[in-house]
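First the structure, in the form of structure tokens, and then the observations on it.
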Protein chains: 2
Amino acid sequence: MKNQNPNLKYVAKKAGVSIATVSRALNYPDKVDSKTLARINKVIKEVNYKPNRVAQRLRIKGGNRKIIGLLVPDIQNPFYVEVVRGVEDYAYSRNYALLMSNFAQSKEKEKMYLDIMKSESVDGLIVAPYDEHDVEVISLIKQGIPTVCVDRGLANVNVDTILVDNENGAFEAVQLLIQKGHKRIAYIGGLPSIPTSQQRKEGYVKALVKNNIEVDEKLIRFGDSKKESGNQIAKELLKMKNSPTAIFAGNNLITLGTLETIHSLGLSIPKDVAIIGFDDMPWAISLNPPLTAVKQPGYEIGKQAAGLLYQRIMDPEKLSAKTILNTELIVRSSC
Amino acid sequence: MKNQNPNLKYVAKKAGVSIATVSRALNYPDKVDSKTLARINKVIKEVNYKPNRVAQRLRIKGGNRKIIGLLVPDIQNPFYVEVVRGVEDYAYSRNYALLMSNFAQSKEKEKMYLDIMKSESVDGLIVAPYDEHDVEVISLIKQGIPTVCVDRGLANVNVDTILVDNENGAFEAVQLLIQKGHKRIAYIGGLPSIPTSQQRKEGYVKALVKNNIEVDEKLIRFGDSKKESGNQIAKELLKMKNSPTAIFAGNNLITLGTLETIHSLGLSIPKDVAIIGFDDMPWAISLNPPLTAVKQPGYEIGKQAAGLLYQRIMDPEKLSAKTILNTELIVRSSC
DNA sequence: ATGAAAGCGCTAACAG
DNA sequence: CTGTTAGCGCTTTCAT
């Protein structure tokens, strides 16, 4: 039972023409006689011929291979799932295949997947880089591979980028906490090397400073963007003397970990501790209590990124641009 | 700025050998003189040569192309994210590339992605079929493409399959509800065409029957596996006269929707309505109240599926098998 | 409007 | 141990 697919040659023979004509019938139908065309199309339908994308890609020069790569740092984070969906919808609408990988915040994986994408001759790449100085991604861009960065930018590199206003999103969140009367507010960030972790910290600090609240370094902590680290750090924070009365959690997963700790400590939200999370989630409303969160337009980011990438593929010389989307503070009852 | 990668020819010239020798150096290092090998490897490193996977795949016959396809029905459902992770980890460990797609429960998308995977000459495929009679998937299997089904089986087809004991998982959940004194228990399933929806219903009915509780068809409802339908159906259920005192939610997303409705109706869990969800989730413990759930080993499913697929690729004639993994009832406080 | 033939980058006989 | 060569399936000149 072999995987013997019909190929151009087979279709050509059945239709009594050369393979070149069949190829033309597929790619430039108006360049072939309508009677011939009809005959060819009939055969194609009959034998259910589908062009072999691998052979196509090997032959075709650039930009028309109809496949793009997407590399996300953590598929377990629902935010990136939204981004994926946005990219996917766009790709599907344009008939692009999607080579998607999750590098799970691992540099080795990222390198391997990037190598694969290059080696697979993708038309372009959408990636949330490991950090601002991601040498692998930068190298690909230098090699001229059309690339769009999402969620995280690259320092000193001209590249299309779609970001979110992290600083302002964080600022608004902390501002709200302060309005509610909190003075000891902690920030639990993700990996410190990731730009978004720093930008959100900046917004946090800015809000504090603006309200003349002392910035206590002991209240600023970074984890590894996983639920467990949120859990752990929240525990340390809440057990210290003069512990914070509010926590601003730097991402989805950290929020979840923090919540778990708060519950396991038997603390009540928002009476004992208030919490705002960066990243809204589908289940935020069903949490205990409904979570106040900074919402990022993940789907929109993905969709726009794919659109930008498409434009760049079509016109590799076009000037690169940075798009910054706004966040939205969804006020529920966790603070 | 062209994407001009070094190729075999280039390496061969630089090393002063033929391209065949370079190819051999890569694939059968022991078949080439150690001095030559050293020279070649030096050049390879120097110019950072990476074989072109597209050309490789076009040339290589079968089973060694180092790329597999993964097709999931809904990437927004965290259960499938776990499956993805399992497959991915295995693939990564074996240096396989992963062509991953989400068909969002759409038959058209599924067909397109399946076509792409075939056309991309994947070594094999892991797929959660649209339903038990998924003609596209069945067709691929008939064509001899190594395939493993996960989460959902195929009727009357010999294919490696990894499932979960849905019926028993549901049975245990409903059994618990009954023990807690509930007599009017509703079931909100996902798409009725999906095998798991039916199997879970079977388990539900079985538990009722075993306890001599009348099966009320009005209490058995199916949605479309999305959060919104959970929301909607729960609303209808809870507003009917003689409304259920407990709900068994057929999947992740339906659980979330149901929860939302319960909260928006101002009902208290488990006092006014009890709920158990099929599928545990990372945030189940942080829900209001912590959710009792039937946990499926998603990661394990993915990992085992990838392992099975690997075996089948290596030995296409081996007998196919069906693996059924057990679920685990995680009792928290929503019932 | 159509066909012949080159060639994308690679692997696998085959010959030496 | 190494080189020559055919060919995977396709697109694209270049002729006709």
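Residue names in the structure tokens use chain letters A, B, ... in the order shown, residue numbers from 1 in each chain, and ligand numbers from 1 in the order shown.
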
Chain A residues near chain D (10 Å cut-off, only C-alpha atoms (C1' of nucleotides)) as a ChimeraX atom specification = /A:7-9,19-20,23-24,27,51-61

Put chain A on top of chain B with a least-squares fit on all C-alpha atoms, paired in order, and send it back as a compact mmCIF listing (two decimals) with C-alpha atoms, in the first residue's frame.
# COMPACT_ATOMS: atom_id res chain seq x y z
CA MET A 1 19.19 40.80 0.06
CA LYS A 2 18.45 37.32 -1.21
CA ASN A 3 17.88 34.22 0.78
CA GLN A 4 20.92 32.52 -0.68
CA ASN A 5 21.76 29.57 1.50
CA PRO A 6 24.83 27.44 1.06
CA ASN A 7 24.02 24.17 -0.61
CA LEU A 8 25.72 20.87 -1.16
CA LYS A 9 27.43 22.10 -4.29
CA TYR A 10 28.95 25.03 -2.47
CA VAL A 11 30.22 22.91 0.39
CA ALA A 12 31.55 20.34 -2.07
CA LYS A 13 33.50 22.93 -3.99
CA LYS A 14 34.97 24.45 -0.86
CA ALA A 15 36.00 21.03 0.40
CA GLY A 16 37.27 19.93 -2.95
CA VAL A 17 35.05 16.88 -3.21
CA SER A 18 31.90 15.92 -5.07
CA ILE A 19 28.43 16.61 -3.77
CA ALA A 20 27.88 12.90 -3.37
CA THR A 21 30.67 12.72 -0.86
CA VAL A 22 29.31 15.61 1.12
CA SER A 23 25.93 13.96 1.17
CA ARG A 24 27.55 10.77 2.35
CA ALA A 25 29.50 12.61 5.01
CA LEU A 26 26.17 13.79 6.34
CA ASN A 27 24.22 10.58 6.10
CA TYR A 28 26.78 7.81 6.32
CA PRO A 29 29.85 9.33 7.97
CA ASP A 30 31.52 5.94 8.33
CA LYS A 31 31.41 5.44 4.60
CA VAL A 32 33.81 8.29 4.00
CA ASP A 33 37.51 8.60 4.70
CA SER A 34 38.15 10.19 8.06
CA LYS A 35 40.44 12.86 6.66
CA THR A 36 37.92 13.80 4.00
CA LEU A 37 35.20 13.73 6.57
CA ALA A 38 37.05 16.10 8.81
CA ARG A 39 37.63 18.50 5.96
CA ILE A 40 33.99 18.43 4.95
CA ASN A 41 32.75 18.90 8.48
CA LYS A 42 35.02 21.87 8.86
CA VAL A 43 33.53 23.52 5.80
CA ILE A 44 30.02 22.67 6.92
CA LYS A 45 30.64 24.41 10.19
CA GLU A 46 32.35 27.34 8.53
CA VAL A 47 29.56 28.14 6.13
CA ASN A 48 26.88 26.97 8.55
CA TYR A 49 25.46 24.57 6.06
CA LYS A 50 22.02 23.16 6.77
CA PRO A 51 20.48 20.65 4.40
CA ASN A 52 17.44 21.90 2.59
CA ARG A 53 14.58 19.90 3.99
CA VAL A 54 12.38 20.57 1.02
CA ALA A 55 14.83 19.04 -1.42
CA GLN A 56 15.47 16.20 0.97
CA ARG A 57 11.81 15.43 1.29
CA LEU A 58 11.27 15.50 -2.43
CA ARG A 59 14.01 12.98 -2.96
CA ILE A 60 13.57 10.64 -0.02
CA LYS A 61 11.15 7.77 -0.53
CA GLY A 62 9.18 7.26 2.63
CA GLY A 63 9.30 7.22 6.40
CA ASN A 64 12.45 9.19 6.75
CA ARG A 65 11.31 12.65 5.99
CA LYS A 66 11.28 13.66 9.61
CA ILE A 67 8.06 15.56 9.55
CA ILE A 68 4.68 14.63 10.92
CA GLY A 69 1.34 16.37 10.84
CA LEU A 70 -0.89 17.13 13.79
CA LEU A 71 -4.48 18.18 13.34
CA VAL A 72 -6.59 19.24 16.30
CA PRO A 73 -10.24 20.28 16.34
CA ASP A 74 -9.97 23.30 18.63
CA ILE A 75 -6.82 24.90 19.86
CA GLN A 76 -8.85 27.07 22.22
CA ASN A 77 -9.71 24.02 24.22
CA PRO A 78 -6.91 23.54 26.74
CA PHE A 79 -7.32 19.80 26.54
CA TYR A 80 -6.00 19.82 23.00
CA VAL A 81 -3.21 22.14 24.02
CA GLU A 82 -2.07 19.40 26.37
CA VAL A 83 -2.25 16.89 23.57
CA VAL A 84 -0.22 19.20 21.37
CA ARG A 85 2.44 19.50 24.03
CA GLY A 86 2.69 15.77 24.37
CA VAL A 87 3.10 15.26 20.65
CA GLU A 88 5.52 18.12 20.41
CA ASP A 89 7.80 16.89 23.16
CA TYR A 90 8.03 13.50 21.55
CA ALA A 91 8.59 14.94 18.10
CA TYR A 92 11.27 17.25 19.40
CA SER A 93 13.07 14.41 21.11
CA ARG A 94 13.19 12.52 17.85
CA ASN A 95 14.05 15.54 15.77
CA TYR A 96 10.82 15.54 13.87
CA ALA A 97 9.30 18.70 12.52
CA LEU A 98 5.65 19.23 13.29
CA LEU A 99 3.14 20.60 10.84
CA MET A 100 0.38 21.63 13.18
CA SER A 101 -3.09 22.83 12.32
CA ASN A 102 -6.27 23.67 14.10
CA PHE A 103 -9.38 22.99 12.09
CA ALA A 104 -11.66 24.78 14.50
CA GLN A 105 -14.30 22.11 14.12
CA SER A 106 -14.78 23.07 10.48
CA LYS A 107 -14.98 20.39 7.83
CA GLU A 108 -13.67 22.68 5.10
CA LYS A 109 -10.63 23.65 7.09
CA GLU A 110 -10.00 20.07 8.01
CA LYS A 111 -10.04 19.05 4.38
CA MET A 112 -7.73 21.85 3.37
CA TYR A 113 -5.24 21.08 6.11
CA LEU A 114 -5.35 17.37 5.40
CA ASP A 115 -4.67 18.11 1.74
CA ILE A 116 -1.76 20.27 2.70
CA MET A 117 -0.29 17.61 4.94
CA LYS A 118 -0.54 15.01 2.28
CA SER A 119 0.86 17.38 -0.26
CA GLU A 120 3.70 18.21 2.08
CA SER A 121 4.57 14.53 2.17
CA VAL A 122 4.46 14.08 5.90
CA ASP A 123 5.67 10.77 7.24
CA GLY A 124 2.53 10.40 9.24
CA LEU A 125 -0.38 12.07 10.87
CA ILE A 126 -1.93 12.47 14.29
CA VAL A 127 -5.50 13.62 14.13
CA ALA A 128 -8.62 13.99 16.21
CA PRO A 129 -11.17 13.31 13.48
CA TYR A 130 -14.19 15.46 12.87
CA ASP A 131 -16.44 12.56 13.69
CA GLU A 132 -16.51 8.78 13.57
CA HIS A 133 -17.16 8.73 9.86
CA ASP A 134 -14.67 11.37 8.83
CA VAL A 135 -14.30 10.50 5.16
CA GLU A 136 -11.21 12.64 4.64
CA VAL A 137 -9.24 10.98 7.38
CA ILE A 138 -10.47 7.55 6.37
CA SER A 139 -9.38 8.25 2.82
CA LEU A 140 -5.88 9.14 3.94
CA ILE A 141 -5.62 5.97 5.96
CA LYS A 142 -6.80 3.93 2.98
CA GLN A 143 -4.05 5.54 0.96
CA GLY A 144 -1.59 4.09 3.38
CA ILE A 145 -0.52 7.20 5.21
CA PRO A 146 0.54 6.24 8.74
CA THR A 147 -2.08 7.69 11.03
CA VAL A 148 -2.93 7.75 14.69
CA CYS A 149 -6.29 8.96 15.92
CA VAL A 150 -6.59 10.63 19.27
CA ASP A 151 -9.55 11.54 21.43
CA ARG A 152 -12.00 10.36 18.80
CA GLY A 153 -12.00 7.03 17.05
CA LEU A 154 -13.16 6.01 13.61
CA ALA A 155 -15.95 3.53 13.03
CA ASN A 156 -15.07 0.33 11.18
CA VAL A 157 -11.52 1.33 10.37
CA ASN A 158 -8.35 -0.34 11.48
CA VAL A 159 -6.25 2.44 12.84
CA ASP A 160 -4.10 3.10 15.86
CA THR A 161 -6.21 5.02 18.30
CA ILE A 162 -5.69 6.56 21.69
CA LEU A 163 -8.82 7.25 23.60
CA VAL A 164 -9.97 7.92 27.07
CA ASP A 165 -12.60 5.96 28.91
CA ASN A 166 -15.25 8.59 28.45
CA GLU A 167 -18.14 6.45 29.51
CA ASN A 168 -16.58 5.45 32.78
CA GLY A 169 -15.33 8.97 33.46
CA ALA A 170 -18.83 10.30 33.02
CA PHE A 171 -20.28 7.46 35.03
CA GLU A 172 -18.10 8.21 38.02
CA ALA A 173 -18.91 11.88 37.89
CA VAL A 174 -22.66 11.38 37.76
CA GLN A 175 -22.40 8.68 40.39
CA LEU A 176 -20.83 11.22 42.73
CA LEU A 177 -23.60 13.69 42.01
CA ILE A 178 -26.15 11.04 42.86
CA GLN A 179 -24.35 10.18 46.09
CA LYS A 180 -24.63 13.82 47.05
CA GLY A 181 -28.38 13.40 46.81
CA HIS A 182 -29.11 14.82 43.38
CA LYS A 183 -31.94 13.32 41.41
CA ARG A 184 -32.44 15.86 38.67
CA ILE A 185 -29.13 15.95 36.90
CA ALA A 186 -28.68 17.54 33.50
CA TYR A 187 -26.09 16.70 30.90
CA ILE A 188 -24.81 19.34 28.52
CA GLY A 189 -22.78 17.69 25.80
CA GLY A 190 -20.65 19.06 23.02
CA LEU A 191 -21.49 18.49 19.37
CA PRO A 192 -23.71 15.43 19.21
CA SER A 193 -21.84 14.12 16.18
CA ILE A 194 -18.63 13.75 18.14
CA PRO A 195 -18.12 10.31 19.65
CA THR A 196 -16.97 11.64 23.01
CA SER A 197 -20.22 13.58 23.44
CA GLN A 198 -22.17 10.37 23.01
CA GLN A 199 -19.91 8.24 25.16
CA ARG A 200 -20.13 10.70 28.00
CA LYS A 201 -23.87 10.68 27.65
CA GLU A 202 -23.84 6.89 27.86
CA GLY A 203 -21.94 7.04 31.13
CA TYR A 204 -24.39 9.61 32.41
CA VAL A 205 -27.38 7.49 31.52
CA LYS A 206 -25.79 4.38 32.95
CA ALA A 207 -25.26 6.03 36.31
CA LEU A 208 -28.85 7.23 36.38
CA VAL A 209 -30.23 3.84 35.43
CA LYS A 210 -28.09 2.02 37.93
CA ASN A 211 -29.51 4.20 40.67
CA ASN A 212 -33.08 3.86 39.48
CA ILE A 213 -33.34 7.48 38.54
CA GLU A 214 -35.63 8.29 35.68
CA VAL A 215 -33.84 9.49 32.57
CA ASP A 216 -35.51 12.72 31.53
CA GLU A 217 -34.73 13.54 27.90
CA LYS A 218 -35.41 17.20 28.59
CA LEU A 219 -32.32 17.18 30.78
CA ILE A 220 -30.07 15.89 28.03
CA ARG A 221 -28.82 18.61 25.74
CA PHE A 222 -26.12 19.02 23.17
CA GLY A 223 -24.35 22.18 22.11
CA ASP A 224 -21.50 22.90 19.77
CA SER A 225 -18.56 22.49 22.11
CA LYS A 226 -18.18 26.22 22.50
CA LYS A 227 -18.45 28.30 25.62
CA GLU A 228 -21.43 30.22 24.29
CA SER A 229 -23.53 27.15 23.82
CA GLY A 230 -22.82 26.08 27.37
CA ASN A 231 -23.95 29.48 28.43
CA GLN A 232 -27.14 29.32 26.41
CA ILE A 233 -28.17 25.79 27.22
CA ALA A 234 -27.48 26.21 30.92
CA LYS A 235 -29.75 29.23 30.87
CA GLU A 236 -32.57 27.27 29.28
CA LEU A 237 -32.09 24.40 31.66
CA LEU A 238 -32.03 26.52 34.78
CA LYS A 239 -35.09 28.50 33.79
CA MET A 240 -37.34 25.54 33.10
CA LYS A 241 -39.78 24.47 35.73
CA ASN A 242 -38.53 21.58 37.77
CA SER A 243 -35.05 22.62 36.82
CA PRO A 244 -32.03 20.40 37.49
CA THR A 245 -30.17 20.62 40.79
CA ALA A 246 -26.95 19.47 39.21
CA ILE A 247 -25.26 19.78 35.87
CA PHE A 248 -22.72 17.49 34.30
CA ALA A 249 -20.90 19.57 31.70
CA GLY A 250 -19.53 17.65 28.75
CA ASN A 251 -16.34 19.56 28.18
CA ASN A 252 -14.06 22.38 29.19
CA LEU A 253 -15.65 25.15 27.28
CA ILE A 254 -19.19 24.15 28.10
CA THR A 255 -18.24 24.09 31.75
CA LEU A 256 -17.03 27.65 31.48
CA GLY A 257 -20.20 28.80 29.78
CA THR A 258 -22.35 27.02 32.31
CA LEU A 259 -20.43 28.57 35.16
CA GLU A 260 -20.92 31.98 33.65
CA THR A 261 -24.66 31.47 33.44
CA ILE A 262 -24.91 30.18 36.98
CA HIS A 263 -23.07 33.22 38.25
CA SER A 264 -25.04 35.65 36.17
CA LEU A 265 -28.26 34.14 37.48
CA GLY A 266 -26.98 34.77 40.97
CA LEU A 267 -27.18 31.10 41.83
CA SER A 268 -24.83 29.63 44.38
CA ILE A 269 -22.67 26.56 43.80
CA PRO A 270 -23.18 23.91 45.03
CA LYS A 271 -26.16 25.03 47.14
CA ASP A 272 -28.47 25.97 44.27
CA VAL A 273 -26.83 23.95 41.53
CA ALA A 274 -23.97 21.51 41.67
CA ILE A 275 -21.64 21.10 38.72
CA ILE A 276 -19.00 18.66 37.55
CA GLY A 277 -17.07 19.26 34.39
CA PHE A 278 -15.49 16.84 32.00
CA ASP A 279 -11.87 17.93 31.58
CA ASP A 280 -9.78 19.34 34.32
CA MET A 281 -8.01 22.62 33.67
CA PRO A 282 -5.09 24.46 35.22
CA TRP A 283 -7.38 27.07 36.63
CA ALA A 284 -10.10 24.70 37.87
CA ILE A 285 -8.77 25.09 41.37
CA SER A 286 -9.09 28.84 41.20
CA LEU A 287 -12.66 28.82 40.00
CA ASN A 288 -15.58 29.85 42.09
CA PRO A 289 -15.83 27.42 43.77
CA PRO A 290 -12.98 25.06 42.91
CA LEU A 291 -14.33 22.78 40.25
CA THR A 292 -14.82 19.08 40.58
CA ALA A 293 -13.74 17.64 37.28
CA VAL A 294 -13.01 14.52 35.28
CA LYS A 295 -9.39 14.76 34.31
CA GLN A 296 -8.15 13.45 31.00
CA PRO A 297 -4.45 12.77 30.56
CA GLY A 298 -4.04 15.06 27.56
CA TYR A 299 -0.28 15.27 27.60
CA GLU A 300 -0.01 11.51 27.93
CA ILE A 301 -2.39 11.02 25.03
CA GLY A 302 -0.24 13.20 22.83
CA LYS A 303 2.97 11.58 23.86
CA GLN A 304 1.70 8.06 23.37
CA ALA A 305 0.14 8.96 20.06
CA ALA A 306 3.44 10.28 18.79
CA GLY A 307 5.19 7.14 19.98
CA LEU A 308 2.64 4.94 18.28
CA LEU A 309 2.92 6.93 15.10
CA TYR A 310 6.66 6.58 15.15
CA GLN A 311 6.33 2.83 15.45
CA ARG A 312 3.87 2.68 12.61
CA ILE A 313 6.07 4.78 10.38
CA MET A 314 8.93 2.41 11.08
CA ASP A 315 6.74 -0.63 10.50
CA PRO A 316 3.71 0.19 8.37
CA GLU A 317 2.49 -3.38 8.41
CA LYS A 318 2.20 -3.73 12.15
CA LEU A 319 -1.20 -4.51 13.59
CA SER A 320 -3.14 -1.49 14.70
CA ALA A 321 -4.18 -1.13 18.29
CA LYS A 322 -6.60 0.82 20.38
CA THR A 323 -5.40 2.24 23.67
CA ILE A 324 -7.88 3.40 26.25
CA LEU A 325 -6.54 5.55 29.04
CA ASN A 326 -8.33 6.09 32.30
CA THR A 327 -9.72 9.35 33.54
CA GLU A 328 -9.47 10.56 37.06
CA LEU A 329 -12.20 12.25 39.07
CA ILE A 330 -10.75 15.24 40.85
CA VAL A 331 -13.09 16.09 43.67
CA ARG A 332 -13.10 19.70 44.72
CA SER A 333 -16.06 21.67 45.95
CA SER A 334 -18.48 22.40 43.16
CA CYS A 335 -20.75 19.54 44.13

Run DSSP on the backbone and give me the residues of range 189-292 of chain A it puts in helix (DSSP H, G or I), as a PyMOL selection string.
-> chain A and resi 195-210+217-219+227-239+252-264+284-286

At most 9 Å is the cut-off: for each residue in chain C with any atom that close to an atom of chain A, write down the nearest atom pair and the distance in Å rounded to one decimal, counting only C-alpha atoms (C1' of nucleotides), chain first then increasing number, as JSON lines.
{"residue": "C:DA1", "atom": "C1'", "partner": "A:Val32", "partner_atom": "CA", "distance": 6.1}
{"residue": "C:DT2", "atom": "C1'", "partner": "A:Thr21", "partner_atom": "CA", "distance": 6.7}
{"residue": "C:DG3", "atom": "C1'", "partner": "A:Ser18", "partner_atom": "CA", "distance": 6.3}
{"residue": "C:DG7", "atom": "C1'", "partner": "A:Arg59", "partner_atom": "CA", "distance": 8.3}
{"residue": "C:DC8", "atom": "C1'", "partner": "A:Arg59", "partner_atom": "CA", "distance": 4.6}
{"residue": "C:DG9", "atom": "C1'", "partner": "A:Leu58", "partner_atom": "CA", "distance": 7.8}

All strand (DSSP E) positions in range 112-287 of chain B, as a ChimeraX atom specification | /B:124-127,147-150,160-164,185-189,220-222,246-249,274-278
